[in-house]
$ cat upload_11.txt   # compact mmCIF, C-alpha atoms
# COMPACT_ATOMS: atom_id res chain seq x y z
CA MET M 1488 116.21 129.02 19.76
CA THR M 1489 116.87 125.47 20.89
CA ASP M 1490 120.60 124.76 20.87
CA ALA M 1491 120.92 122.79 24.11
CA TYR M 1492 119.58 119.54 25.51
CA VAL M 1493 119.30 118.21 29.04
CA ALA M 1494 119.01 114.41 29.33
CA ILE M 1495 117.63 113.16 32.66
CA GLU M 1496 117.88 109.70 34.18
CA GLY M 1497 115.15 107.57 32.65
CA GLY M 1498 115.82 108.89 29.14
CA ARG M 1499 113.75 112.09 29.10
CA VAL M 1500 115.32 114.98 27.15
CA VAL M 1501 114.46 118.65 27.76
CA GLU M 1502 115.18 121.37 25.20
CA ALA M 1503 116.92 124.56 26.35
CA ARG M 1504 119.04 127.52 25.24
CA SER M 1505 122.82 127.34 25.39
CA ARG M 1506 124.52 130.08 27.44
CA ALA M 1507 127.93 128.41 27.79
CA PRO M 1508 128.69 125.67 25.24
CA GLY M 1509 129.97 122.18 25.89
CA THR M 1510 129.00 118.71 27.01
CA THR M 1511 128.94 117.53 30.59
CA ARG M 1512 127.35 115.15 33.07
CA GLY M 1513 126.72 114.90 36.81
CA GLU M 1514 124.19 114.42 39.56
CA LEU M 1515 121.23 116.74 39.00
CA VAL M 1516 120.47 118.75 42.16
CA PHE M 1517 118.76 122.04 42.96
CA THR M 1518 119.20 124.95 45.34
CA THR M 1519 116.45 127.26 46.57
CA ALA M 1520 118.92 130.10 47.24
CA TYR M 1521 117.78 133.41 45.74
CA THR M 1522 121.04 135.25 46.49
CA GLY M 1523 124.61 134.04 46.77
CA TYR M 1524 124.87 132.48 43.32
CA GLU M 1525 128.58 133.36 43.14
CA GLU M 1526 129.17 131.57 46.45
CA SER M 1527 127.14 128.55 45.33
CA LEU M 1528 128.95 128.23 42.03
CA THR M 1529 132.37 128.31 43.71
CA ASP M 1530 131.43 125.96 46.56
CA PRO M 1531 133.60 122.79 46.30
CA SER M 1532 130.72 120.73 47.68
CA TYR M 1533 129.05 120.95 44.23
CA GLU M 1534 131.86 118.97 42.56
CA GLU M 1535 130.50 116.37 40.09
CA GLN M 1536 126.99 117.86 40.16
CA ILE M 1537 124.71 119.74 37.79
CA LEU M 1538 123.33 122.70 39.75
CA THR M 1539 119.79 123.86 39.03
CA PHE M 1540 118.69 127.22 40.46
CA SER M 1541 115.04 127.28 41.46
CA TYR M 1542 115.04 131.10 41.66
CA PRO M 1543 114.09 132.34 38.17
CA LEU M 1544 116.76 135.02 37.54
CA ILE M 1545 120.44 134.35 38.29
CA GLY M 1546 122.98 137.13 37.88
CA ASN M 1547 121.03 140.27 38.74
CA TYR M 1548 123.91 141.79 40.76
CA GLY M 1549 126.81 140.77 38.55
CA VAL M 1550 129.89 138.70 39.30
CA ARG M 1551 132.53 139.81 41.82
CA GLU M 1552 135.58 137.69 42.58
CA GLU M 1553 135.77 138.79 46.22
CA ARG M 1554 132.57 136.79 46.84
CA PHE M 1555 134.05 133.51 45.58
CA GLU M 1556 134.45 130.59 48.01
CA SER M 1557 137.27 128.99 46.00
CA ASP M 1558 139.37 129.66 42.92
CA ARG M 1559 137.02 128.05 40.37
CA VAL M 1560 133.47 127.01 39.51
CA HIS M 1561 132.78 123.51 40.86
CA PRO M 1562 129.44 122.31 39.41
CA ARG M 1563 130.02 120.46 36.13
CA GLY M 1564 127.03 122.24 34.62
CA VAL M 1565 124.49 124.96 35.43
CA ILE M 1566 120.75 125.20 34.74
CA ALA M 1567 118.51 128.24 35.33
CA ARG M 1568 115.28 129.75 34.05
CA GLU M 1569 117.23 132.86 33.04
CA LEU M 1570 120.96 133.57 33.29
CA THR M 1571 122.24 137.12 32.85
CA GLY M 1572 125.06 137.84 30.42
CA ASP M 1573 127.57 138.39 33.23
CA VAL M 1574 127.07 134.93 34.70
CA ALA M 1575 126.90 133.27 31.26
CA GLU M 1576 130.20 134.87 30.23
CA TRP M 1577 131.81 133.86 33.52
CA LEU M 1578 130.71 130.24 33.12
CA GLU M 1579 131.89 130.17 29.52
CA SER M 1580 135.30 131.49 30.58
CA GLU M 1581 135.42 128.67 33.16
CA GLU M 1582 134.41 126.14 30.45
CA VAL M 1583 131.37 125.07 32.47
CA PRO M 1584 128.35 124.33 30.21
CA ALA M 1585 125.25 126.32 31.13
CA VAL M 1586 121.68 126.41 29.79
CA ASP M 1587 118.51 128.38 30.44
CA HIS M 1588 115.04 129.04 28.94
CA LEU M 1589 113.54 125.84 30.34
CA ASP M 1590 110.99 125.12 33.06
CA THR M 1591 113.15 124.82 36.18
CA ARG M 1592 110.04 124.47 38.35
CA GLU M 1593 109.29 121.19 36.62
CA LEU M 1594 112.89 120.02 37.06
CA VAL M 1595 112.86 120.86 40.77
CA THR M 1596 109.51 119.15 41.28
CA GLY M 1597 110.89 116.07 39.54
CA ILE M 1598 113.95 115.99 41.79
CA ARG M 1599 111.77 116.37 44.89
CA ASP M 1600 109.53 113.53 43.75
CA GLU M 1601 112.17 111.13 42.41
CA GLY M 1602 115.37 112.24 44.17
CA ALA M 1603 118.67 113.49 42.80
CA MET M 1604 119.33 111.77 39.50
CA LYS M 1605 121.91 111.39 36.76
CA CYS M 1606 121.99 114.07 34.07
CA GLY M 1607 123.74 114.82 30.79
CA ILE M 1608 123.96 118.18 29.00
CA ALA M 1609 124.91 119.11 25.45
CA ALA M 1610 124.96 122.83 24.59
CA GLY M 1611 126.08 124.83 21.58
CA PRO M 1612 125.34 125.21 17.88
CA ASP M 1613 126.25 121.61 17.06
CA ALA M 1614 124.63 119.99 20.10
CA THR M 1615 122.19 117.11 19.62
CA GLU M 1616 119.88 115.06 21.80
CA ASP M 1617 122.15 112.08 21.23
CA ASP M 1618 125.08 114.03 22.65
CA ALA M 1619 123.16 114.71 25.85
CA LEU M 1620 122.04 111.08 26.10
CA ALA M 1621 125.63 109.91 25.60
CA GLU M 1622 126.72 112.10 28.53
CA LEU M 1623 123.89 110.71 30.65
CA LYS M 1624 125.01 107.17 29.88
CA ARG M 1625 128.54 107.98 31.09
CA CYS M 1626 127.35 109.57 34.35
CA GLU M 1627 128.34 107.79 37.57
CA HIS M 1628 126.62 107.65 40.95
CA MET M 1629 128.02 110.15 43.46
CA SER M 1630 129.28 107.40 45.77
CA ASP M 1631 131.37 105.98 42.90
CA HIS M 1632 133.59 109.09 42.88
CA THR M 1633 136.06 107.64 45.35
CA ASP M 1634 138.81 110.14 44.49
CA ILE M 1635 136.67 113.27 44.75
CA GLY M 1636 138.61 114.60 47.74
CA ALA M 1637 141.79 114.88 45.67
CA ARG M 1638 140.06 117.20 43.20
CA VAL M 1639 138.99 119.77 45.80
CA SER M 1640 141.70 119.65 48.46
CA VAL M 1641 145.01 121.49 48.72
CA GLY M 1642 147.96 119.43 47.56
CA GLU M 1643 150.38 120.68 50.21
CA PRO M 1644 149.95 122.22 53.68
CA GLU M 1645 149.28 125.97 53.75
CA LEU M 1646 149.61 128.38 56.69
CA PHE M 1647 147.39 131.41 57.34
CA ASN M 1648 147.67 134.16 59.95
CA SER M 1649 151.01 132.86 61.21
CA ASP M 1650 151.37 135.87 63.53
CA GLY M 1651 147.98 135.38 65.16
CA ASP M 1652 147.64 135.25 68.94
CA GLY M 1653 144.72 132.82 68.99
CA GLU M 1654 144.37 129.06 68.94
CA THR M 1655 146.16 126.86 66.41
CA VAL M 1656 143.74 125.07 64.10
CA ALA M 1657 144.48 122.14 61.79
CA LEU M 1658 141.83 122.55 59.08
CA ILE M 1659 141.53 119.29 57.14
CA ASP M 1660 140.59 120.42 53.65
CA CYS M 1661 138.00 118.05 52.19
CA GLY M 1662 136.77 120.87 49.95
CA ALA M 1663 136.70 123.75 52.42
CA LYS M 1664 134.85 126.95 51.59
CA GLY M 1665 136.97 130.07 51.87
CA SER M 1666 134.56 131.54 54.41
CA ILE M 1667 135.48 128.84 56.95
CA LEU M 1668 139.11 129.91 56.78
CA ASP M 1669 138.08 133.58 56.93
CA SER M 1670 135.88 132.96 59.99
CA LEU M 1671 138.78 131.37 61.86
CA VAL M 1672 141.33 134.00 60.84
CA GLU M 1673 138.91 136.80 61.83
CA ARG M 1674 139.08 135.35 65.35
CA ASP M 1675 142.89 135.52 65.22
CA ALA M 1676 143.36 131.76 64.92
CA VAL M 1677 146.54 130.42 63.35
CA VAL M 1678 145.25 128.08 60.66
CA HIS M 1679 147.17 125.23 59.06
CA VAL M 1680 145.22 123.96 56.04
CA LEU M 1681 146.12 120.31 55.48
CA PRO M 1682 145.18 117.96 52.61
CA TYR M 1683 142.17 115.68 53.04
CA ASP M 1684 144.53 112.68 53.17
CA ALA M 1685 146.89 114.18 55.76
CA THR M 1686 148.54 111.64 58.04
CA GLU M 1687 148.78 111.47 61.80
CA ASP M 1688 152.35 112.77 61.54
CA ASP M 1689 151.22 115.72 59.42
CA VAL M 1690 148.80 116.78 62.15
CA ALA M 1691 151.31 116.11 64.93
CA ALA M 1692 153.78 118.45 63.21
CA VAL M 1693 151.23 121.25 63.52
CA ASP M 1694 150.43 120.44 67.19
CA PRO M 1695 146.95 121.96 66.90
CA ASP M 1696 144.60 123.14 69.62
CA VAL M 1697 141.68 122.10 67.37
CA LEU M 1698 141.29 119.49 64.65
CA PHE M 1699 138.68 120.90 62.24
CA ILE M 1700 137.16 118.74 59.46
CA SER M 1701 135.80 120.85 56.62
CA ASN M 1702 132.86 120.55 54.29
CA GLY M 1703 133.31 118.82 50.95
CA PRO M 1704 131.63 116.87 48.15
CA GLY M 1705 130.61 113.27 47.75
CA ASP M 1706 130.11 110.29 50.01
CA PRO M 1707 131.71 110.67 53.47
CA GLU M 1708 132.50 106.95 53.50
CA ASN M 1709 135.09 107.60 50.75
CA PHE M 1710 137.16 109.84 53.06
CA GLU M 1711 138.91 106.95 54.79
CA GLN M 1712 142.12 108.78 55.72
CA THR M 1713 140.17 111.69 57.21
CA LYS M 1714 138.17 109.25 59.33
CA ALA M 1715 141.43 107.67 60.49
CA LEU M 1716 142.61 111.09 61.72
CA VAL M 1717 139.42 111.53 63.73
CA ASP M 1718 139.87 108.10 65.28
CA SER M 1719 143.49 108.88 66.16
CA TYR M 1720 142.88 112.24 67.82
CA VAL M 1721 139.50 111.79 69.48
CA GLY M 1722 139.81 112.48 73.20
CA GLU M 1723 143.27 114.01 72.74
CA THR M 1724 142.52 117.12 70.71
CA PRO M 1725 139.28 119.15 70.61
CA MET M 1726 137.47 118.46 67.36
CA ALA M 1727 135.03 120.32 65.11
CA GLY M 1728 133.36 119.67 61.78
CA ILE M 1729 131.07 121.32 59.26
CA CYS M 1730 128.78 119.54 56.76
CA LEU M 1731 130.82 116.60 55.37
CA GLY M 1732 132.97 117.12 58.46
CA GLN M 1733 130.05 116.20 60.72
CA GLN M 1734 129.38 113.06 58.69
CA VAL M 1735 133.04 112.01 58.75
CA VAL M 1736 133.31 112.52 62.51
CA ALA M 1737 130.14 110.51 63.16
CA SER M 1738 131.22 107.70 60.85
CA ALA M 1739 134.68 107.51 62.43
CA LEU M 1740 133.19 107.26 65.93
CA GLY M 1741 130.82 104.39 65.30
CA GLY M 1742 127.90 106.14 63.64
CA SER M 1743 126.55 105.68 60.13
CA THR M 1744 125.69 107.90 57.18
CA GLU M 1745 123.24 107.63 54.31
CA LYS M 1746 122.39 109.33 51.04
CA MET M 1747 119.38 111.62 51.19
CA GLU M 1748 116.62 111.58 48.60
CA PHE M 1749 117.38 115.06 47.27
CA GLY M 1750 119.42 116.67 50.04
CA HIS M 1751 119.31 120.11 51.63
CA ARG M 1752 120.49 122.97 49.43
CA GLY M 1753 119.41 126.54 50.08
CA VAL M 1754 119.53 129.47 52.48
CA ASN M 1755 116.31 128.89 54.40
CA GLN M 1756 116.70 125.59 56.27
CA PRO M 1757 115.28 125.87 59.83
CA VAL M 1758 117.27 124.20 62.61
CA ARG M 1759 116.12 123.68 66.21
CA ASP M 1760 118.54 123.48 69.11
CA LEU M 1761 117.31 120.74 71.44
CA ARG M 1762 119.01 122.27 74.47
CA THR M 1763 117.64 125.81 74.13
CA ASP M 1764 114.57 125.13 71.94
CA ARG M 1765 115.71 128.04 69.78
CA VAL M 1766 115.23 127.89 65.98
CA VAL M 1767 117.72 129.48 63.58
CA MET M 1768 117.74 129.75 59.80
CA THR M 1769 120.72 128.18 58.05
CA THR M 1770 122.42 127.74 54.70
CA GLN M 1771 122.97 124.13 53.66
CA ASN M 1772 124.45 122.13 50.80
CA HIS M 1773 124.62 118.38 51.32
CA GLY M 1774 123.28 115.18 49.82
CA TYR M 1775 124.38 112.83 52.62
CA THR M 1776 123.47 112.91 56.30
CA VAL M 1777 124.17 111.17 59.59
CA ALA M 1778 121.74 108.26 59.90
CA GLU M 1779 122.85 107.13 63.38
CA PRO M 1780 125.29 109.15 65.51
CA GLY M 1781 126.60 106.15 67.49
CA ASP M 1782 127.03 106.05 71.25
CA LYS M 1783 129.78 108.68 71.51
CA LEU M 1784 127.85 111.64 70.09
CA GLU M 1785 124.70 113.39 71.22
CA VAL M 1786 122.31 114.94 68.68
CA THR M 1787 121.90 118.53 69.91
CA GLN M 1788 120.25 120.12 66.87
CA ILE M 1789 117.76 118.83 64.30
CA ASN M 1790 116.26 120.00 61.03
CA VAL M 1791 112.73 121.26 61.63
CA ASN M 1792 111.49 119.87 58.31
CA ASP M 1793 112.71 116.27 58.51
CA ASP M 1794 114.39 115.77 61.93
CA THR M 1795 117.79 114.93 60.41
CA PRO M 1796 120.75 115.66 62.74
CA GLU M 1797 122.11 119.19 62.36
CA GLY M 1798 124.42 119.30 65.38
CA LEU M 1799 126.42 116.65 67.24
CA GLU M 1800 128.38 117.14 70.45
CA ASN M 1801 130.33 115.36 73.17
CA ASP M 1802 131.37 117.66 75.99
CA ASP M 1803 133.74 115.13 77.59
CA LEU M 1804 135.58 114.40 74.34
CA GLU M 1805 135.38 118.07 73.30
CA ILE M 1806 133.62 117.53 69.99
CA ILE M 1807 131.20 119.92 68.28
CA THR M 1808 129.94 119.59 64.70
CA ARG M 1809 127.32 121.21 62.48
CA GLN M 1810 125.65 119.87 59.33
CA TYR M 1811 124.84 123.38 58.08
CA HIS M 1812 127.20 126.27 57.24
CA PRO M 1813 127.54 128.79 60.11
CA GLU M 1814 129.99 130.78 57.97
CA ALA M 1815 127.64 131.07 55.00
CA ASN M 1816 127.75 134.14 52.78
CA PRO M 1817 125.70 136.15 52.06
CA GLY M 1818 123.88 134.69 55.08
CA PRO M 1819 121.91 134.08 57.19
CA ASN M 1820 124.23 134.88 60.08
CA ASP M 1821 122.21 133.33 62.93
CA SER M 1822 124.82 130.70 63.80
CA LYS M 1823 128.21 132.38 63.34
CA GLY M 1824 128.82 131.97 67.08
CA PHE M 1825 129.75 128.36 66.29
CA PHE M 1826 133.34 129.45 65.60
CA ASP M 1827 133.52 131.23 68.94
CA ASP M 1828 132.30 128.04 70.63
CA VAL M 1829 134.91 125.94 68.84
CA LEU M 1830 137.82 128.19 69.77
CA ALA M 1831 136.54 128.61 73.33
CA MET M 1832 136.42 124.82 73.63
CA ALA M 1833 140.07 124.66 72.61
CA GLU M 1834 141.06 127.46 74.96
CA ASP M 1835 139.35 125.72 77.90

$ encode --input "upload_11.txt" --output "structure tokens"
Amino acid sequence: MTDAYVAIEGGRVVEARSRAPGTTRGELVFTTAYTGYEESLTDPSYEEQILTFSYPLIGNYGVREERFESDRVHPRGVIARELTGDVAEWLESEEVPAVDHLDTRELVTGIRDEGAMKCGIAAGPDATEDDALAELKRCEHMSDHTDIGARVSVGEPELFNSDGDGETVALIDCGAKGSILDSLVERDAVVHVLPYDATEDDVAAVDPDVLFISNGPGDPENFEQTKALVDSYVGETPMAGICLGQQVVASALGGSTEKMEFGHRGVNQPVRDLRTDRVVMTTQNHGYTVAEPGDKLEVTQINVNDDTPEGLENDDLEIITRQYHPEANPGPNDSKGFFDDVLAMAED
């Protein structure tokens, strides 16, 4: 039964089945991940996007809250070839429209050929094509969401593992996944989670051994205050970053960023370390990348598929960043040693 419509940039409308009713809009992207759908759906980096799963069946091992990366679903809408009842009920309870019973292979091929594009969804018994097209018309470009950090960051500072014996970390929350915090706490770090727009004084009050810029959604050029922090503390405090964090660090230090055609989203992205010539498999979720690192950062890792920068470092300034997610759950776990390297850098 057709009771949902997906309107894609250019005016094309695809019929589908409603699994969670409502209307929504966002940037249409896809992930190739075949496990970890709970982690993907609660990843703050998917804010303002419509997430399409290329794997045909989503929900085959249920929904468990302990796997969540945040306290809510972040994509504005969800598309799959087949959603199980558990996932459909979860999305409906979160008021996130979801549809299935459409050719996701064709959608993914279209995104790969034409790039991430605007999308509108209308789902439910009263949904019409016009409703989906109206949502599409209201959709904004990702770079236009200048306030996106405020929607995914903590509002006030939070402290974790206050009795820890390890290094003190100021984690700037631009939309941090819970697994980043867990990875630091597991290594006995004392972690102060600060808002994305934290000031120099906010960081100084923490007196951190490491300034850590998290992942997050949207255009890194919109995180002006976070870039100002990097500029203020570079050379004074060891610095790390993941995903958006790498882009923010590079931009703050004289580099540049750019929007990718369709981004990297999945659990099978190969990355080569230029120093060791070793290749690891990584989980990624980003639509922007570092175009030029500037003269203060060395590219130490690249994506095997397209040569985009995956790791930046400066040994003298004590900076280490990664474009991918070393902490990713359910995996792969090839690069979890990144957190050991960061804390060792601070200890030294």

$ closest_residue --input "upload_11.txt" --among "M:Phe1749, M:Phe1555, M:Tyr1720, M:Phe1699" --to "His1773 in chain M" --atoms "only C-alpha atoms"
M:Phe1749

$ closest_residue --input "upload_11.txt" --among "M:Val1574, M:Pro1562, M:Leu1658, M:Ser1532" --to "Leu1544 in chain M" --atoms "all atoms listed in the file"
M:Val1574

$ residues_near_point --input "upload_11.txt" --point "(131.5, 103.7, 65.9)" --cutoff "10 Å" --atoms "only C-alpha atoms" --output "count of residues only"
15

$ closest_residue --input "upload_11.txt" --among "M:Ser1719, M:Ser1630, M:Thr1539, M:Gln1712" --to "Leu1698 in chain M" --atoms "only C-alpha atoms"
M:Ser1719

$ atom_distance --input "upload_11.txt" --atom1 "CA of Val1735 in chain M" --atom2 "CA of Ala1831 in chain M"
22.4 Å

$ closest_residue --input "upload_11.txt" --among "M:Thr1808, M:Ser1527, M:Thr1776, M:Asn1709" --to "Ile1635 in chain M" --atoms "all atoms listed in the file"
M:Asn1709

$ atom_distance --input "upload_11.txt" --atom1 "CA of Val1550 in chain M" --atom2 "CA of Trp1577 in chain M"
7.8 Å

$ closest_residue --input "upload_11.txt" --among "M:Met1604, M:Glu1645, M:Gly1653, M:Asp1696" --to "His1679 in chain M" --atoms "only C-alpha atoms"
M:Glu1645

$ decode --input "upload_11.txt" --residues "range 1558-1608 of chain M" --atoms "C-alpha atoms" --output "mmCIF file, in the first residue's frame"
data_model
loop_
_atom_site.group_PDB
_atom_site.id
_atom_site.type_symbol
_atom_site.label_atom_id
_atom_site.label_comp_id
_atom_site.auth_asym_id
_atom_site.auth_seq_id
_atom_site.Cartn_x
_atom_site.Cartn_y
_atom_site.Cartn_z
ATOM 1 C CA ASP M 1558 19.604 10.460 24.073
ATOM 2 C CA ARG M 1559 17.553 10.757 20.863
ATOM 3 C CA VAL M 1560 17.285 9.950 17.159
ATOM 4 C CA HIS M 1561 19.014 12.659 15.111
ATOM 5 C CA PRO M 1562 18.156 12.097 11.415
ATOM 6 C CA ARG M 1563 15.003 14.031 10.497
ATOM 7 C CA GLY M 1564 13.762 11.036 8.527
ATOM 8 C CA VAL M 1565 14.676 7.420 7.767
ATOM 9 C CA ILE M 1566 14.490 5.398 4.543
ATOM 10 C CA ALA M 1567 15.105 1.644 4.154
ATOM 11 C CA ARG M 1568 14.159 -1.228 1.882
ATOM 12 C CA GLU M 1569 12.619 -2.988 4.884
ATOM 13 C CA LEU M 1570 12.287 -1.801 8.485
ATOM 14 C CA THR M 1571 11.365 -4.278 11.209
ATOM 15 C CA GLY M 1572 8.521 -3.507 13.594
ATOM 16 C CA ASP M 1573 10.902 -2.803 16.480
ATOM 17 C CA VAL M 1574 12.718 -0.033 14.631
ATOM 18 C CA ALA M 1575 9.494 1.370 13.136
ATOM 19 C CA GLU M 1576 7.890 1.585 16.584
ATOM 20 C CA TRP M 1577 10.998 3.217 18.024
ATOM 21 C CA LEU M 1578 11.076 5.850 15.278
ATOM 22 C CA GLU M 1579 7.365 6.522 15.671
ATOM 23 C CA SER M 1580 7.827 7.011 19.424
ATOM 24 C CA GLU M 1581 10.602 9.511 18.597
ATOM 25 C CA GLU M 1582 8.293 11.255 16.085
ATOM 26 C CA VAL M 1583 10.798 10.691 13.273
ATOM 27 C CA PRO M 1584 9.050 9.895 9.950
ATOM 28 C CA ALA M 1585 10.205 6.641 8.364
ATOM 29 C CA VAL M 1586 9.371 4.845 5.109
ATOM 30 C CA ASP M 1587 10.273 1.572 3.427
ATOM 31 C CA HIS M 1588 9.217 -0.669 0.499
ATOM 32 C CA LEU M 1589 11.082 1.382 -2.098
ATOM 33 C CA ASP M 1590 14.183 0.742 -4.198
ATOM 34 C CA THR M 1591 16.985 2.022 -1.965
ATOM 35 C CA ARG M 1592 19.583 0.792 -4.469
ATOM 36 C CA GLU M 1593 18.266 3.319 -6.964
ATOM 37 C CA LEU M 1594 18.314 6.087 -4.348
ATOM 38 C CA VAL M 1595 21.902 5.296 -3.359
ATOM 39 C CA THR M 1596 23.019 5.160 -6.989
ATOM 40 C CA GLY M 1597 21.384 8.538 -7.558
ATOM 41 C CA ILE M 1598 23.186 10.077 -4.583
ATOM 42 C CA ARG M 1599 26.516 8.656 -5.778
ATOM 43 C CA ASP M 1600 25.946 10.062 -9.257
ATOM 44 C CA GLU M 1601 24.466 13.449 -8.339
ATOM 45 C CA GLY M 1602 25.670 14.017 -4.762
ATOM 46 C CA ALA M 1603 23.757 14.545 -1.541
ATOM 47 C CA MET M 1604 20.554 16.397 -2.336
ATOM 48 C CA LYS M 1605 17.535 18.011 -0.734
ATOM 49 C CA CYS M 1606 14.636 15.740 0.181
ATOM 50 C CA GLY M 1607 11.093 15.966 1.512
ATOM 51 C CA ILE M 1608 8.999 13.157 3.018
#
